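Containing compact mmCIF, N, CA and C atoms: upload30.txt.
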# COMPACT_ATOMS: atom_id res chain seq x y z
N MET Q 1 53.58 -0.33 65.71
CA MET Q 1 52.98 0.99 65.74
C MET Q 1 54.00 2.08 65.99
N MET Q 2 55.12 1.73 66.66
CA MET Q 2 56.09 2.76 66.98
C MET Q 2 56.66 3.43 65.72
N PRO Q 3 57.06 2.69 64.67
CA PRO Q 3 57.56 3.38 63.47
C PRO Q 3 56.52 4.30 62.84
N ILE Q 4 55.27 3.88 62.84
CA ILE Q 4 54.21 4.72 62.27
C ILE Q 4 54.04 5.98 63.13
N GLY Q 5 54.02 5.80 64.45
CA GLY Q 5 53.89 6.95 65.34
C GLY Q 5 55.04 7.93 65.21
N LEU Q 6 56.26 7.42 65.15
CA LEU Q 6 57.42 8.30 65.01
C LEU Q 6 57.41 9.03 63.67
N THR Q 7 57.04 8.31 62.62
CA THR Q 7 56.96 8.94 61.30
C THR Q 7 55.93 10.06 61.31
N PHE Q 8 54.80 9.80 61.95
CA PHE Q 8 53.78 10.83 61.99
C PHE Q 8 54.23 12.03 62.82
N LEU Q 9 54.92 11.78 63.93
CA LEU Q 9 55.42 12.89 64.74
C LEU Q 9 56.44 13.74 63.98
N ILE Q 10 57.25 13.09 63.14
CA ILE Q 10 58.29 13.81 62.41
C ILE Q 10 57.72 14.49 61.16
N ARG Q 11 56.92 13.77 60.39
CA ARG Q 11 56.43 14.28 59.11
C ARG Q 11 54.92 14.50 59.06
N GLY Q 12 54.27 14.33 60.19
CA GLY Q 12 52.81 14.39 60.21
C GLY Q 12 52.24 15.73 59.81
N GLY Q 13 52.90 16.81 60.21
CA GLY Q 13 52.39 18.13 59.88
C GLY Q 13 52.31 18.37 58.38
N SER Q 14 53.37 18.01 57.68
CA SER Q 14 53.34 18.21 56.22
C SER Q 14 52.36 17.25 55.56
N PHE Q 15 52.24 16.02 56.08
CA PHE Q 15 51.29 15.07 55.51
C PHE Q 15 49.85 15.56 55.67
N ILE Q 16 49.48 15.94 56.89
CA ILE Q 16 48.13 16.44 57.13
C ILE Q 16 47.90 17.72 56.34
N GLY Q 17 48.91 18.57 56.26
CA GLY Q 17 48.79 19.81 55.51
C GLY Q 17 48.49 19.56 54.04
N LEU Q 18 49.17 18.61 53.43
CA LEU Q 18 48.92 18.28 52.04
C LEU Q 18 47.58 17.58 51.84
N TRP Q 19 47.22 16.76 52.79
CA TRP Q 19 46.02 15.94 52.65
C TRP Q 19 44.75 16.73 52.95
N MET Q 20 44.73 17.43 54.08
CA MET Q 20 43.51 18.09 54.53
C MET Q 20 43.58 19.61 54.50
N GLY Q 21 44.76 20.15 54.39
CA GLY Q 21 44.93 21.60 54.44
C GLY Q 21 45.76 21.99 55.64
N TYR Q 22 46.55 23.03 55.47
CA TYR Q 22 47.49 23.41 56.52
C TYR Q 22 46.84 23.98 57.77
N GLU Q 23 45.58 24.41 57.66
CA GLU Q 23 44.90 24.89 58.86
C GLU Q 23 44.63 23.77 59.87
N TYR Q 24 44.62 22.51 59.40
CA TYR Q 24 44.41 21.36 60.29
C TYR Q 24 45.71 20.73 60.76
N ALA Q 25 46.80 21.06 60.13
CA ALA Q 25 48.07 20.37 60.40
C ALA Q 25 48.55 20.57 61.83
N THR Q 26 48.56 21.77 62.32
CA THR Q 26 49.09 22.05 63.66
C THR Q 26 48.29 21.34 64.73
N LEU Q 27 46.98 21.46 64.68
CA LEU Q 27 46.12 20.83 65.68
C LEU Q 27 46.22 19.31 65.62
N SER Q 28 46.27 18.76 64.42
CA SER Q 28 46.34 17.30 64.28
C SER Q 28 47.63 16.75 64.87
N VAL Q 29 48.74 17.40 64.58
CA VAL Q 29 50.02 16.94 65.11
C VAL Q 29 50.07 17.11 66.62
N GLU Q 30 49.52 18.21 67.12
CA GLU Q 30 49.49 18.44 68.57
C GLU Q 30 48.66 17.37 69.27
N TYR Q 31 47.49 17.09 68.73
CA TYR Q 31 46.62 16.06 69.31
C TYR Q 31 47.27 14.68 69.23
N PHE Q 32 47.82 14.34 68.07
CA PHE Q 32 48.42 13.03 67.92
C PHE Q 32 49.63 12.87 68.83
N GLY Q 33 50.44 13.89 68.95
CA GLY Q 33 51.59 13.81 69.85
C GLY Q 33 51.18 13.61 71.29
N PHE Q 34 50.11 14.29 71.69
CA PHE Q 34 49.59 14.14 73.05
C PHE Q 34 49.04 12.74 73.27
N SER Q 35 48.18 12.29 72.37
CA SER Q 35 47.55 10.99 72.56
C SER Q 35 48.56 9.86 72.39
N ARG Q 36 49.58 10.05 71.59
CA ARG Q 36 50.61 9.03 71.41
C ARG Q 36 51.36 8.80 72.73
N GLY Q 37 51.55 9.84 73.50
CA GLY Q 37 52.26 9.71 74.78
C GLY Q 37 51.53 8.81 75.75
N TRP Q 38 50.23 9.02 75.95
CA TRP Q 38 49.51 8.19 76.92
C TRP Q 38 49.26 6.80 76.38
N GLN Q 39 49.22 6.64 75.06
CA GLN Q 39 48.98 5.31 74.51
C GLN Q 39 50.21 4.42 74.63
N SER Q 40 51.35 4.99 75.00
CA SER Q 40 52.54 4.15 75.18
C SER Q 40 52.40 3.21 76.36
N PHE Q 41 51.42 3.45 77.24
CA PHE Q 41 51.17 2.56 78.37
C PHE Q 41 50.29 1.37 78.00
N ARG Q 42 49.67 1.40 76.85
CA ARG Q 42 48.70 0.37 76.49
C ARG Q 42 49.30 -1.04 76.34
N PRO Q 43 50.50 -1.22 75.78
CA PRO Q 43 51.02 -2.60 75.70
C PRO Q 43 51.19 -3.26 77.06
N ALA Q 44 51.73 -2.53 78.03
CA ALA Q 44 51.88 -3.11 79.37
C ALA Q 44 50.52 -3.40 79.98
N ARG Q 45 49.58 -2.55 79.72
CA ARG Q 45 48.24 -2.74 80.25
C ARG Q 45 47.59 -3.98 79.66
N ARG Q 46 47.81 -4.23 78.40
CA ARG Q 46 47.26 -5.44 77.79
C ARG Q 46 47.85 -6.70 78.41
N ARG Q 47 49.12 -6.66 78.72
CA ARG Q 47 49.75 -7.83 79.34
C ARG Q 47 49.15 -8.09 80.72
N MET Q 48 48.93 -7.03 81.47
CA MET Q 48 48.35 -7.20 82.80
C MET Q 48 46.88 -7.61 82.70
N GLY Q 49 46.23 -7.20 81.63
CA GLY Q 49 44.82 -7.50 81.48
C GLY Q 49 44.53 -8.93 81.05
N CYS Q 50 45.53 -9.68 80.73
CA CYS Q 50 45.33 -11.07 80.28
C CYS Q 50 45.19 -11.99 81.49
N ARG Q 51 44.13 -11.80 82.24
CA ARG Q 51 43.90 -12.59 83.44
C ARG Q 51 42.96 -13.76 83.16
N ALA Q 52 42.53 -13.91 81.92
CA ALA Q 52 41.57 -14.97 81.59
C ALA Q 52 42.17 -16.35 81.84
N GLY Q 53 43.49 -16.47 81.74
CA GLY Q 53 44.14 -17.76 81.93
C GLY Q 53 44.03 -18.28 83.35
N ILE Q 54 43.85 -17.41 84.31
CA ILE Q 54 43.70 -17.86 85.70
C ILE Q 54 42.29 -17.60 86.22
N GLY Q 55 41.36 -17.27 85.31
CA GLY Q 55 39.97 -17.10 85.69
C GLY Q 55 39.69 -15.85 86.51
N LYS Q 56 40.49 -14.82 86.38
CA LYS Q 56 40.32 -13.60 87.17
C LYS Q 56 39.86 -12.42 86.32
N HIS Q 57 39.31 -12.68 85.17
CA HIS Q 57 38.96 -11.60 84.26
C HIS Q 57 37.59 -10.97 84.54
N GLN Q 58 36.72 -11.63 85.25
CA GLN Q 58 35.40 -11.08 85.51
C GLN Q 58 35.46 -9.83 86.38
N ALA Q 59 36.41 -9.74 87.25
CA ALA Q 59 36.54 -8.57 88.12
C ALA Q 59 36.93 -7.32 87.33
N LEU Q 60 37.43 -7.49 86.11
CA LEU Q 60 37.88 -6.35 85.32
C LEU Q 60 36.74 -5.64 84.59
N VAL Q 61 35.61 -6.31 84.42
CA VAL Q 61 34.50 -5.72 83.67
C VAL Q 61 34.04 -4.40 84.29
N PRO Q 62 33.79 -4.33 85.59
CA PRO Q 62 33.37 -3.04 86.16
C PRO Q 62 34.42 -1.94 86.02
N VAL Q 63 35.69 -2.32 86.10
CA VAL Q 63 36.76 -1.33 85.97
C VAL Q 63 36.78 -0.76 84.56
N TYR Q 64 36.70 -1.64 83.56
CA TYR Q 64 36.69 -1.16 82.17
C TYR Q 64 35.44 -0.35 81.87
N LEU Q 65 34.31 -0.75 82.41
CA LEU Q 65 33.07 -0.01 82.20
C LEU Q 65 33.16 1.37 82.84
N LEU Q 66 33.65 1.44 84.06
CA LEU Q 66 33.80 2.73 84.74
C LEU Q 66 34.80 3.62 84.00
N GLU Q 67 35.88 3.04 83.53
CA GLU Q 67 36.86 3.82 82.78
C GLU Q 67 36.24 4.37 81.50
N ALA Q 68 35.48 3.55 80.79
CA ALA Q 68 34.85 3.99 79.54
C ALA Q 68 33.85 5.11 79.80
N LEU Q 69 33.04 4.97 80.83
CA LEU Q 69 32.06 6.01 81.14
C LEU Q 69 32.74 7.30 81.59
N THR Q 70 33.80 7.18 82.37
CA THR Q 70 34.56 8.35 82.79
C THR Q 70 35.21 9.03 81.59
N ASN Q 71 35.76 8.23 80.70
CA ASN Q 71 36.36 8.74 79.46
C ASN Q 71 35.32 9.53 78.67
N LEU Q 72 34.16 8.96 78.47
CA LEU Q 72 33.11 9.63 77.71
C LEU Q 72 32.67 10.93 78.41
N GLY Q 73 32.42 10.85 79.71
CA GLY Q 73 31.97 12.03 80.44
C GLY Q 73 32.98 13.15 80.43
N LEU Q 74 34.23 12.83 80.73
CA LEU Q 74 35.28 13.86 80.72
C LEU Q 74 35.48 14.44 79.33
N SER Q 75 35.42 13.59 78.32
CA SER Q 75 35.60 14.09 76.95
C SER Q 75 34.49 15.06 76.57
N ILE Q 76 33.26 14.76 76.94
CA ILE Q 76 32.15 15.66 76.64
C ILE Q 76 32.30 16.98 77.39
N ILE Q 77 32.71 16.91 78.64
CA ILE Q 77 32.88 18.12 79.44
C ILE Q 77 34.04 18.96 78.92
N LEU Q 78 35.17 18.31 78.66
CA LEU Q 78 36.38 19.06 78.29
C LEU Q 78 36.39 19.53 76.84
N VAL Q 79 35.64 18.87 75.96
CA VAL Q 79 35.63 19.31 74.56
C VAL Q 79 35.02 20.70 74.43
N ARG Q 80 34.13 21.04 75.33
CA ARG Q 80 33.49 22.36 75.27
C ARG Q 80 34.48 23.49 75.59
N SER Q 81 35.40 23.24 76.50
CA SER Q 81 36.33 24.30 76.88
C SER Q 81 37.68 24.21 76.17
N MET Q 82 38.10 23.00 75.80
CA MET Q 82 39.44 22.82 75.23
C MET Q 82 39.45 22.36 73.79
N GLY Q 83 38.31 21.99 73.25
CA GLY Q 83 38.26 21.49 71.88
C GLY Q 83 38.77 20.06 71.80
N VAL Q 84 39.46 19.77 70.71
CA VAL Q 84 39.95 18.41 70.46
C VAL Q 84 40.91 17.95 71.54
N LEU Q 85 41.72 18.85 72.05
CA LEU Q 85 42.65 18.46 73.12
C LEU Q 85 41.91 18.09 74.41
N GLY Q 86 40.72 18.61 74.59
CA GLY Q 86 39.90 18.21 75.73
C GLY Q 86 39.50 16.75 75.64
N VAL Q 87 39.25 16.28 74.42
CA VAL Q 87 38.94 14.86 74.23
C VAL Q 87 40.17 14.01 74.56
N ALA Q 88 41.35 14.51 74.17
CA ALA Q 88 42.58 13.78 74.50
C ALA Q 88 42.77 13.70 76.01
N TRP Q 89 42.54 14.81 76.71
CA TRP Q 89 42.64 14.79 78.18
C TRP Q 89 41.57 13.90 78.79
N GLY Q 90 40.37 13.92 78.21
CA GLY Q 90 39.30 13.08 78.72
C GLY Q 90 39.61 11.60 78.60
N SER Q 91 40.42 11.23 77.63
CA SER Q 91 40.85 9.83 77.48
C SER Q 91 42.06 9.53 78.35
N THR Q 92 42.94 10.50 78.48
CA THR Q 92 44.19 10.29 79.19
C THR Q 92 43.99 10.11 80.70
N ILE Q 93 43.19 10.94 81.29
CA ILE Q 93 43.04 10.92 82.75
C ILE Q 93 42.55 9.56 83.27
N PRO Q 94 41.45 9.00 82.75
CA PRO Q 94 41.03 7.68 83.24
C PRO Q 94 42.05 6.58 82.94
N ASN Q 95 42.70 6.67 81.78
CA ASN Q 95 43.70 5.67 81.42
C ASN Q 95 44.86 5.66 82.42
N LEU Q 96 45.36 6.83 82.77
CA LEU Q 96 46.49 6.90 83.70
C LEU Q 96 46.08 6.45 85.10
N ILE Q 97 44.87 6.77 85.51
CA ILE Q 97 44.40 6.32 86.81
C ILE Q 97 44.36 4.79 86.87
N VAL Q 98 43.83 4.18 85.82
CA VAL Q 98 43.77 2.72 85.79
C VAL Q 98 45.18 2.12 85.73
N CYS Q 99 46.04 2.70 84.90
CA CYS Q 99 47.40 2.15 84.76
C CYS Q 99 48.23 2.28 86.02
N PHE Q 100 48.15 3.42 86.70
CA PHE Q 100 49.05 3.66 87.82
C PHE Q 100 48.46 3.38 89.19
N LEU Q 101 47.15 3.32 89.30
CA LEU Q 101 46.54 3.04 90.60
C LEU Q 101 45.89 1.66 90.65
N PHE Q 102 45.02 1.38 89.68
CA PHE Q 102 44.29 0.12 89.74
C PHE Q 102 45.18 -1.09 89.48
N TRP Q 103 45.95 -1.07 88.38
CA TRP Q 103 46.70 -2.27 88.01
C TRP Q 103 47.74 -2.69 89.05
N PRO Q 104 48.53 -1.81 89.62
CA PRO Q 104 49.45 -2.28 90.67
C PRO Q 104 48.71 -2.90 91.85
N TRP Q 105 47.62 -2.28 92.27
CA TRP Q 105 46.83 -2.83 93.38
C TRP Q 105 46.24 -4.19 93.00
N TYR Q 106 45.66 -4.28 91.81
CA TYR Q 106 45.00 -5.52 91.39
C TYR Q 106 46.00 -6.67 91.23
N MET Q 107 47.14 -6.40 90.64
CA MET Q 107 48.15 -7.45 90.44
C MET Q 107 48.71 -7.91 91.79
N ARG Q 108 48.93 -6.98 92.70
CA ARG Q 108 49.43 -7.37 94.02
C ARG Q 108 48.40 -8.23 94.73
N ARG Q 109 47.15 -7.84 94.67
CA ARG Q 109 46.09 -8.59 95.35
C ARG Q 109 45.84 -9.95 94.70
N THR Q 110 45.81 -10.00 93.38
CA THR Q 110 45.46 -11.22 92.67
C THR Q 110 46.60 -12.24 92.68
N LEU Q 111 47.80 -11.78 92.40
CA LEU Q 111 48.93 -12.70 92.26
C LEU Q 111 49.78 -12.80 93.53
N GLN Q 112 49.45 -12.02 94.54
CA GLN Q 112 50.21 -12.01 95.78
C GLN Q 112 51.70 -11.69 95.52
N ILE Q 113 51.93 -10.73 94.64
CA ILE Q 113 53.29 -10.31 94.30
C ILE Q 113 53.41 -8.84 94.71
N PRO Q 114 54.50 -8.48 95.41
CA PRO Q 114 54.68 -7.06 95.77
C PRO Q 114 54.74 -6.17 94.53
N VAL Q 115 54.32 -4.92 94.68
CA VAL Q 115 54.24 -3.99 93.56
C VAL Q 115 55.61 -3.78 92.92
N ARG Q 116 56.64 -3.65 93.72
CA ARG Q 116 57.99 -3.42 93.16
C ARG Q 116 58.46 -4.59 92.31
N GLN Q 117 58.09 -5.77 92.68
CA GLN Q 117 58.53 -6.94 91.92
C GLN Q 117 57.76 -7.03 90.64
Take the structure in this file and express it as structure tokens.
Amino acid sequence: MMPIGLTFLIRGGSFIGLWMGYEYATLSVEYFGFSRGWQSFRPARRRMGCRAGIGKHQALVPVYLLEALTNLGLSIILVRSMGVLGVAWGSTIPNLIVCFLFWPWYMRRTLQIPVRQ
């Protein structure tokens, strides 16, 4: 995905401009650049989320459900004031909370490994 993301960041404006019209190009590139930044945490999150091998995956269901509901709620609230970028923020905020607060705590508790390690 990285080559596709980089290509879109470099040439995305002209591509969207030719495809959909130049009035959409600026907003599309701005949104994609923003969402691409927070999505860079997803591969590490997937690795941490693979707890099925040790039977610890059931505890993740409420976390994912709460994150999804928070994502939906924030996106609905923020889209009214910020437009499309509000949806990006509505997705980013819950994702970063889970990545930086929940996962270090959960991995330390589940695997008995210090956060720094």
Atom pair atom C of Val29 of chain Q / atom C of Met82 of chain Q: separation (Å): 13.8 Å
Shell of 7 Å around Gly12 of chain Q, only N, CA and C atoms, local chain residues under 3 positions omitted, as a list in words: Thr7, Phe8, Leu9, Phe15, Ile16, Gly17, Ala25, Ser28 and Val29 of chain Q
Calculate, to one decimal in Å, the centre and edge lengths of the box along x, y and z of the file that holds all listed atoms of segment 103-114 of chain Q with 3 Å of margin on each side, and present them as JSON.
{"center_x": 49.9, "center_y": -6.9, "center_z": 91.9, "size_x": 15.7, "size_y": 17.7, "size_z": 13.8}
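Reported to one decimal place, the separation of atom CA of Leu72 of chain Q from atom CA of Met20 of chain Q is 26.8 Å.
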Point-to-point distance from atom N of Ser91 of chain Q to atom CA of Asn71 of chain Q, Å rounded to tenths: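 Distance reported for this atom pair: 5.1 Å.
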Residue nearest Val84 of chain Q among Q:Leu27, Q:Pro3, Q:Tyr22, Q:Gln58 (counting only N, CA and C atoms):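 Ranking Q:Leu27, Q:Pro3, Q:Tyr22, Q:Gln58 by distance to Val84 of chain Q, first place goes to Q:Leu27.
Near Ile97 of chain Q, within 12 Å and counting only C-alpha atoms, sit Trp38, Phe41, Arg45, Val63, Tyr64, Leu66, Glu67, Thr70, Asn71, Gly90, Ser91, Thr92, Ile93, Pro94, Asn95, Cys99, Phe100, Leu101, Phe102, Trp103, Pro104 and Trp105 of chain Q, not including residues fewer than 2 positions from it in the same chain.
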Kindly add all heavy atoms to the incomplete segment 14-25 of chain Q and provide the output as a PDB file, in the frame of the given file.
ATOM      1  N   SER Q  14      53.370  18.010  57.680  1.00  0.00           N
ATOM      2  CA  SER Q  14      53.340  18.210  56.220  1.00  0.00           C
ATOM      3  C   SER Q  14      52.360  17.250  55.560  1.00  0.00           C
ATOM      4  O   SER Q  14      51.672  17.609  54.600  1.00  0.00           O
ATOM      5  CB  SER Q  14      54.745  18.046  55.634  1.00  0.00           C
ATOM      6  OG  SER Q  14      55.253  16.761  55.913  1.00  0.00           O
ATOM      7  N   PHE Q  15      52.240  16.020  56.080  1.00  0.00           N
ATOM      8  CA  PHE Q  15      51.290  15.070  55.510  1.00  0.00           C
ATOM      9  C   PHE Q  15      49.850  15.560  55.670  1.00  0.00           C
ATOM     10  O   PHE Q  15      49.079  15.595  54.707  1.00  0.00           O
ATOM     11  CB  PHE Q  15      51.467  13.688  56.163  1.00  0.00           C
ATOM     12  CG  PHE Q  15      50.440  12.691  55.725  1.00  0.00           C
ATOM     13  CD1 PHE Q  15      50.494  12.139  54.461  1.00  0.00           C
ATOM     14  CD2 PHE Q  15      49.411  12.317  56.574  1.00  0.00           C
ATOM     15  CE1 PHE Q  15      49.541  11.226  54.048  1.00  0.00           C
ATOM     16  CE2 PHE Q  15      48.457  11.408  56.172  1.00  0.00           C
ATOM     17  CZ  PHE Q  15      48.515  10.851  54.905  1.00  0.00           C
ATOM     18  N   ILE Q  16      49.480  15.940  56.890  1.00  0.00           N
ATOM     19  CA  ILE Q  16      48.130  16.440  57.130  1.00  0.00           C
ATOM     20  C   ILE Q  16      47.900  17.720  56.340  1.00  0.00           C
ATOM     21  O   ILE Q  16      46.814  17.955  55.795  1.00  0.00           O
ATOM     22  CB  ILE Q  16      47.882  16.673  58.638  1.00  0.00           C
ATOM     23  CG1 ILE Q  16      47.919  15.347  59.403  1.00  0.00           C
ATOM     24  CG2 ILE Q  16      46.561  17.393  58.889  1.00  0.00           C
ATOM     25  CD1 ILE Q  16      46.776  14.414  59.112  1.00  0.00           C
ATOM     26  N   GLY Q  17      48.910  18.570  56.260  1.00  0.00           N
ATOM     27  CA  GLY Q  17      48.790  19.810  55.510  1.00  0.00           C
ATOM     28  C   GLY Q  17      48.490  19.560  54.040  1.00  0.00           C
ATOM     29  O   GLY Q  17      47.637  20.227  53.440  1.00  0.00           O
ATOM     30  N   LEU Q  18      49.170  18.610  53.430  1.00  0.00           N
ATOM     31  CA  LEU Q  18      48.920  18.280  52.040  1.00  0.00           C
ATOM     32  C   LEU Q  18      47.580  17.580  51.840  1.00  0.00           C
ATOM     33  O   LEU Q  18      46.897  17.783  50.842  1.00  0.00           O
ATOM     34  CB  LEU Q  18      50.052  17.407  51.491  1.00  0.00           C
ATOM     35  CG  LEU Q  18      51.404  18.088  51.337  1.00  0.00           C
ATOM     36  CD1 LEU Q  18      52.475  17.056  51.009  1.00  0.00           C
ATOM     37  CD2 LEU Q  18      51.332  19.161  50.261  1.00  0.00           C
ATOM     38  N   TRP Q  19      47.220  16.760  52.790  1.00  0.00           N
ATOM     39  CA  TRP Q  19      46.020  15.940  52.650  1.00  0.00           C
ATOM     40  C   TRP Q  19      44.750  16.730  52.950  1.00  0.00           C
ATOM     41  O   TRP Q  19      43.790  16.717  52.180  1.00  0.00           O
ATOM     42  CB  TRP Q  19      46.142  14.727  53.575  1.00  0.00           C
ATOM     43  CG  TRP Q  19      44.991  13.781  53.556  1.00  0.00           C
ATOM     44  CD1 TRP Q  19      44.200  13.443  52.496  1.00  0.00           C
ATOM     45  CD2 TRP Q  19      44.500  13.032  54.670  1.00  0.00           C
ATOM     46  NE1 TRP Q  19      43.268  12.528  52.874  1.00  0.00           N
ATOM     47  CE2 TRP Q  19      43.413  12.248  54.207  1.00  0.00           C
ATOM     48  CE3 TRP Q  19      44.868  12.934  55.998  1.00  0.00           C
ATOM     49  CZ2 TRP Q  19      42.708  11.398  55.040  1.00  0.00           C
ATOM     50  CZ3 TRP Q  19      44.162  12.076  56.811  1.00  0.00           C
ATOM     51  CH2 TRP Q  19      43.106  11.319  56.330  1.00  0.00           C
ATOM     52  N   MET Q  20      44.730  17.430  54.080  1.00  0.00           N
ATOM     53  CA  MET Q  20      43.510  18.090  54.530  1.00  0.00           C
ATOM     54  C   MET Q  20      43.580  19.610  54.500  1.00  0.00           C
ATOM     55  O   MET Q  20      42.566  20.271  54.662  1.00  0.00           O
ATOM     56  CB  MET Q  20      43.172  17.634  55.959  1.00  0.00           C
ATOM     57  CG  MET Q  20      42.886  16.167  56.073  1.00  0.00           C
ATOM     58  SD  MET Q  20      42.541  15.653  57.752  1.00  0.00           S
ATOM     59  CE  MET Q  20      41.042  16.545  58.090  1.00  0.00           C
ATOM     60  N   GLY Q  21      44.760  20.150  54.390  1.00  0.00           N
ATOM     61  CA  GLY Q  21      44.930  21.600  54.440  1.00  0.00           C
ATOM     62  C   GLY Q  21      45.760  21.990  55.640  1.00  0.00           C
ATOM     63  O   GLY Q  21      45.696  21.364  56.691  1.00  0.00           O
ATOM     64  N   TYR Q  22      46.550  23.030  55.470  1.00  0.00           N
ATOM     65  CA  TYR Q  22      47.490  23.410  56.520  1.00  0.00           C
ATOM     66  C   TYR Q  22      46.840  23.980  57.770  1.00  0.00           C
ATOM     67  O   TYR Q  22      47.441  24.001  58.829  1.00  0.00           O
ATOM     68  CB  TYR Q  22      48.545  24.374  55.962  1.00  0.00           C
ATOM     69  CG  TYR Q  22      49.529  23.655  55.083  1.00  0.00           C
ATOM     70  CD1 TYR Q  22      49.410  23.687  53.706  1.00  0.00           C
ATOM     71  CD2 TYR Q  22      50.543  22.886  55.645  1.00  0.00           C
ATOM     72  CE1 TYR Q  22      50.294  22.985  52.899  1.00  0.00           C
ATOM     73  CE2 TYR Q  22      51.431  22.183  54.851  1.00  0.00           C
ATOM     74  CZ  TYR Q  22      51.296  22.236  53.482  1.00  0.00           C
ATOM     75  OH  TYR Q  22      52.162  21.534  52.690  1.00  0.00           O
ATOM     76  N   GLU Q  23      45.580  24.410  57.660  1.00  0.00           N
ATOM     77  CA  GLU Q  23      44.900  24.890  58.860  1.00  0.00           C
ATOM     78  C   GLU Q  23      44.630  23.770  59.870  1.00  0.00           C
ATOM     79  O   GLU Q  23      44.448  24.008  61.045  1.00  0.00           O
ATOM     80  CB  GLU Q  23      43.603  25.625  58.514  1.00  0.00           C
ATOM     81  CG  GLU Q  23      42.559  24.778  57.821  1.00  0.00           C
ATOM     82  CD  GLU Q  23      42.693  24.756  56.297  1.00  0.00           C
ATOM     83  OE1 GLU Q  23      43.690  25.242  55.757  1.00  0.00           O
ATOM     84  OE2 GLU Q  23      41.771  24.243  55.660  1.00  0.00           O
ATOM     85  N   TYR Q  24      44.620  22.510  59.400  1.00  0.00           N
ATOM     86  CA  TYR Q  24      44.410  21.360  60.290  1.00  0.00           C
ATOM     87  C   TYR Q  24      45.710  20.730  60.760  1.00  0.00           C
ATOM     88  O   TYR Q  24      45.701  19.933  61.691  1.00  0.00           O
ATOM     89  CB  TYR Q  24      43.582  20.284  59.582  1.00  0.00           C
ATOM     90  CG  TYR Q  24      42.200  20.729  59.216  1.00  0.00           C
ATOM     91  CD1 TYR Q  24      41.882  21.036  57.904  1.00  0.00           C
ATOM     92  CD2 TYR Q  24      41.215  20.860  60.187  1.00  0.00           C
ATOM     93  CE1 TYR Q  24      40.611  21.453  57.566  1.00  0.00           C
ATOM     94  CE2 TYR Q  24      39.941  21.288  59.855  1.00  0.00           C
ATOM     95  CZ  TYR Q  24      39.640  21.577  58.536  1.00  0.00           C
ATOM     96  OH  TYR Q  24      38.393  21.991  58.215  1.00  0.00           O
ATOM     97  N   ALA Q  25      46.800  21.060  60.130  1.00  0.00           N
ATOM     98  CA  ALA Q  25      48.070  20.370  60.400  1.00  0.00           C
ATOM     99  C   ALA Q  25      48.550  20.570  61.830  1.00  0.00           C
ATOM    100  O   ALA Q  25      48.907  19.598  62.502  1.00  0.00           O
ATOM    101  CB  ALA Q  25      49.128  20.826  59.407  1.00  0.00           C
TER     102      ALA Q  25
END
